[in-house]
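Peer 1: query.tsv (TSV, N, CA and C atoms) pasted underneath:
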chain	number	residue	atom	x	y	z
A	1	VAL	N	-10.81	-12.02	1.20
A	1	VAL	CA	-10.30	-10.93	0.37
A	1	VAL	C	-9.39	-10.05	1.21
A	2	MET	N	-8.21	-9.77	0.70
A	2	MET	CA	-7.25	-8.92	1.39
A	2	MET	C	-7.41	-7.48	0.93
A	3	LYS	N	-7.38	-6.54	1.88
A	3	LYS	CA	-7.54	-5.14	1.54
A	3	LYS	C	-6.34	-4.34	2.04
A	4	ALA	N	-5.93	-3.37	1.24
A	4	ALA	CA	-4.80	-2.51	1.59
A	4	ALA	C	-5.29	-1.08	1.80
A	5	ASN	N	-4.65	-0.38	2.72
A	5	ASN	CA	-5.03	0.99	3.00
A	5	ASN	C	-3.77	1.80	3.32
A	6	VAL	N	-3.75	3.07	2.92
A	6	VAL	CA	-2.65	3.97	3.24
A	6	VAL	C	-3.20	5.12	4.08
A	7	ASP	N	-2.60	5.35	5.23
A	7	ASP	CA	-2.96	6.48	6.09
A	7	ASP	C	-2.20	7.70	5.58
A	8	LYS	N	-2.91	8.59	4.89
A	8	LYS	CA	-2.28	9.77	4.27
A	8	LYS	C	-1.63	10.70	5.31
A	9	ASP	N	-2.18	10.72	6.52
A	9	ASP	CA	-1.63	11.60	7.56
A	9	ASP	C	-0.27	11.12	8.04
A	10	THR	N	-0.03	9.81	7.94
A	10	THR	CA	1.22	9.22	8.41
A	10	THR	C	2.25	9.08	7.29
A	11	CYS	N	1.77	8.94	6.06
A	11	CYS	CA	2.65	8.73	4.90
A	11	CYS	C	3.59	9.91	4.70
A	12	ILE	N	4.87	9.59	4.43
A	12	ILE	CA	5.86	10.65	4.15
A	12	ILE	C	6.23	10.70	2.67
A	13	GLY	N	5.59	9.85	1.86
A	13	GLY	CA	5.83	9.89	0.42
A	13	GLY	C	7.19	9.38	0.00
A	14	CYS	N	7.70	8.38	0.70
A	14	CYS	CA	9.04	7.88	0.38
A	14	CYS	C	9.09	7.08	-0.92
A	15	GLY	N	7.94	6.55	-1.35
A	15	GLY	CA	7.88	5.83	-2.63
A	15	GLY	C	8.27	4.37	-2.55
A	16	LEU	N	8.46	3.86	-1.35
A	16	LEU	CA	8.87	2.46	-1.20
A	16	LEU	C	7.77	1.49	-1.60
A	17	CYS	N	6.53	1.75	-1.17
A	17	CYS	CA	5.46	0.78	-1.42
A	17	CYS	C	5.18	0.55	-2.91
A	18	PRO	N	5.14	1.60	-3.77
A	18	PRO	CA	4.92	1.29	-5.19
A	18	PRO	C	6.11	0.57	-5.81
A	19	SER	N	7.32	0.74	-5.26
A	19	SER	CA	8.45	0.02	-5.81
A	19	SER	C	8.40	-1.46	-5.40
A	20	VAL	N	7.80	-1.75	-4.25
A	20	VAL	CA	7.67	-3.14	-3.79
A	20	VAL	C	6.44	-3.81	-4.41
A	21	ALA	N	5.31	-3.10	-4.43
A	21	ALA	CA	4.05	-3.67	-4.91
A	21	ALA	C	3.35	-2.70	-5.86
A	22	PRO	N	3.87	-2.55	-7.08
A	22	PRO	CA	3.34	-1.55	-8.01
A	22	PRO	C	1.91	-1.82	-8.49
A	23	GLU	N	1.43	-3.05	-8.33
A	23	GLU	CA	0.07	-3.35	-8.74
A	23	GLU	C	-0.95	-3.00	-7.66
A	24	VAL	N	-0.44	-2.61	-6.47
A	24	VAL	CA	-1.32	-2.26	-5.36
A	24	VAL	C	-1.22	-0.79	-4.98
A	25	PHE	N	-0.01	-0.24	-5.02
A	25	PHE	CA	0.23	1.14	-4.56
A	25	PHE	C	0.78	2.02	-5.68
A	26	GLU	N	0.46	3.31	-5.61
A	26	GLU	CA	1.03	4.30	-6.52
A	26	GLU	C	1.14	5.62	-5.77
A	27	MET	N	1.91	6.53	-6.33
A	27	MET	CA	2.04	7.85	-5.71
A	27	MET	C	0.94	8.76	-6.23
A	28	ASP	N	0.29	9.47	-5.31
A	28	ASP	CA	-0.81	10.37	-5.65
A	28	ASP	C	-0.25	11.74	-6.05
A	29	ASP	N	-1.11	12.60	-6.57
A	29	ASP	CA	-0.69	13.94	-6.98
A	29	ASP	C	-0.17	14.77	-5.82
A	30	ASP	N	-0.57	14.41	-4.60
A	30	ASP	CA	-0.11	15.16	-3.42
A	30	ASP	C	1.24	14.69	-2.90
A	31	GLY	N	1.86	13.73	-3.63
A	31	GLY	CA	3.17	13.24	-3.22
A	31	GLY	C	3.11	12.13	-2.19
A	32	LYS	N	1.91	11.72	-1.83
A	32	LYS	CA	1.74	10.63	-0.87
A	32	LYS	C	1.31	9.37	-1.63
A	33	ALA	N	1.53	8.24	-0.98
A	33	ALA	CA	1.12	6.97	-1.59
A	33	ALA	C	-0.39	6.79	-1.48
A	34	LYS	N	-0.93	6.00	-2.40
A	34	LYS	CA	-2.34	5.62	-2.32
A	34	LYS	C	-2.49	4.23	-2.91
A	35	THR	N	-3.61	3.59	-2.59
A	35	THR	CA	-3.87	2.28	-3.17
A	35	THR	C	-4.51	2.47	-4.54
A	36	ILE	N	-4.11	1.63	-5.47
A	36	ILE	CA	-4.69	1.65	-6.80
A	36	ILE	C	-6.09	1.04	-6.74
A	37	THR	N	-6.23	-0.01	-5.95
A	37	THR	CA	-7.49	-0.70	-5.77
A	37	THR	C	-7.61	-1.08	-4.31
A	38	GLU	N	-8.81	-1.03	-3.75
A	38	GLU	CA	-8.98	-1.34	-2.34
A	38	GLU	C	-8.67	-2.81	-2.06
A	39	GLU	N	-9.09	-3.68	-2.97
A	39	GLU	CA	-8.85	-5.10	-2.80
A	39	GLU	C	-7.53	-5.49	-3.47
A	40	VAL	N	-6.69	-6.19	-2.73
A	40	VAL	CA	-5.40	-6.61	-3.24
A	40	VAL	C	-5.63	-7.68	-4.32
A	41	PRO	N	-5.05	-7.49	-5.53
A	41	PRO	CA	-5.24	-8.47	-6.60
A	41	PRO	C	-4.64	-9.83	-6.23
A	42	ASP	N	-5.24	-10.90	-6.75
A	42	ASP	CA	-4.71	-12.24	-6.52
A	42	ASP	C	-3.25	-12.30	-6.94
A	43	GLY	N	-2.43	-12.91	-6.09
A	43	GLY	CA	-1.01	-13.03	-6.39
A	43	GLY	C	-0.17	-11.89	-5.85
A	44	SER	N	-0.80	-10.84	-5.36
A	44	SER	CA	-0.06	-9.67	-4.85
A	44	SER	C	-0.08	-9.58	-3.32
A	45	GLU	N	-0.65	-10.60	-2.68
A	45	GLU	CA	-0.79	-10.54	-1.22
A	45	GLU	C	0.57	-10.46	-0.52
A	46	GLU	N	1.51	-11.29	-0.95
A	46	GLU	CA	2.82	-11.33	-0.29
A	46	GLU	C	3.56	-10.00	-0.45
A	47	LEU	N	3.51	-9.43	-1.66
A	47	LEU	CA	4.17	-8.14	-1.89
A	47	LEU	C	3.50	-7.02	-1.10
A	48	SER	N	2.19	-7.10	-0.96
A	48	SER	CA	1.47	-6.10	-0.17
A	48	SER	C	1.90	-6.14	1.29
A	49	LYS	N	2.04	-7.35	1.83
A	49	LYS	CA	2.48	-7.50	3.21
A	49	LYS	C	3.93	-7.03	3.37
A	50	GLU	N	4.74	-7.27	2.34
A	50	GLU	CA	6.13	-6.80	2.37
A	50	GLU	C	6.18	-5.27	2.38
A	51	ALA	N	5.32	-4.64	1.57
A	51	ALA	CA	5.25	-3.18	1.54
A	51	ALA	C	4.81	-2.65	2.90
A	52	GLU	N	3.83	-3.32	3.52
A	52	GLU	CA	3.36	-2.93	4.84
A	52	GLU	C	4.51	-2.99	5.86
A	53	ALA	N	5.27	-4.08	5.83
A	53	ALA	CA	6.37	-4.26	6.77
A	53	ALA	C	7.52	-3.29	6.51
A	54	SER	N	7.69	-2.87	5.25
A	54	SER	CA	8.81	-2.00	4.87
A	54	SER	C	8.53	-0.53	5.08
A	55	CYS	N	7.27	-0.14	5.24
A	55	CYS	CA	6.91	1.27	5.36
A	55	CYS	C	7.56	1.89	6.60
A	56	PRO	N	8.37	2.94	6.42
A	56	PRO	CA	9.10	3.50	7.56
A	56	PRO	C	8.22	4.19	8.60
A	57	THR	N	7.01	4.57	8.21
A	57	THR	CA	6.12	5.24	9.17
A	57	THR	C	4.91	4.38	9.54
A	58	SER	N	4.90	3.13	9.08
A	58	SER	CA	3.78	2.21	9.34
A	58	SER	C	2.44	2.79	8.89
A	59	ALA	N	2.45	3.48	7.74
A	59	ALA	CA	1.24	4.11	7.21
A	59	ALA	C	0.35	3.12	6.46
A	60	ILE	N	0.89	1.93	6.16
A	60	ILE	CA	0.15	0.95	5.37
A	60	ILE	C	-0.43	-0.13	6.27
A	61	SER	N	-1.69	-0.45	6.02
A	61	SER	CA	-2.29	-1.61	6.68
A	61	SER	C	-2.84	-2.53	5.60
A	62	VAL	N	-2.54	-3.81	5.74
A	62	VAL	CA	-3.03	-4.84	4.82
A	62	VAL	C	-3.70	-5.90	5.68
A	63	GLU	N	-5.01	-6.07	5.46
A	63	GLU	CA	-5.77	-6.98	6.31
A	63	GLU	C	-6.75	-7.80	5.49
A	64	GLU	N	-7.12	-8.95	6.05
A	64	GLU	CA	-8.15	-9.78	5.41
A	64	GLU	C	-9.48	-9.48	6.03
When written as structure tokens, how does the structure in this file appear?

Peer 2:
Amino acid sequence: VMKANVDKDTCIGCGLCPSVAPEVFEMDDDGKAKTITEEVPDGSEELSKEAEASCPTSAISVEE
């Protein structure tokens, strides 16, 4: 099972991750990204890894 996490202290709220993987990430009320679900849904693993690689502050971790 792959899990995604957003480090709120590092996140700058650029909005890139929900645009890359909208089924995994969304913007929270505080303007920072958050995960919609802790476990990455089947079929979204590649997009989650792409969001992790694209994050300008490396606030996202996606691990098995």

Peer 1: Restricting the calculation to only N, CA and C atoms, which member of A:Glu46, A:Ser54, A:Asp30, A:Ser61 is positioned closest to Cys17 in chain A?

Peer 2: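 That would be A:Ser54, the residue with the smallest distance to Cys17 in chain A.
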
Peer 1: So which residues touch range 4-16 of chain A within 6 Å, counting all atoms listed in the file, skipping near sequence neighbours fewer than 4 positions away, as a VMD selection string?

Peer 2: chain A and resid 20 to 21 31 to 35 38 to 40 57 59 to 63

Peer 1: What separation in Å, quoted to one decimal, exists between CA of Pro41 in chain A and CA of Glu23 in chain A?

Peer 2: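 So the answer is 7.7 Å.
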
Peer 1: Please measure the separation of CA of Cys55 in chain A and CA of Gly43 in chain A, giving the value in Å to one decimal.

Peer 2: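 A separation of 20.1 Å between them.
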
Peer 1: Go ahead and compute the interatomic distance for CA of Ala51 in chain A and CA of Phe25 in chain A, in Å to one decimal.

Peer 2: 9.0 Å
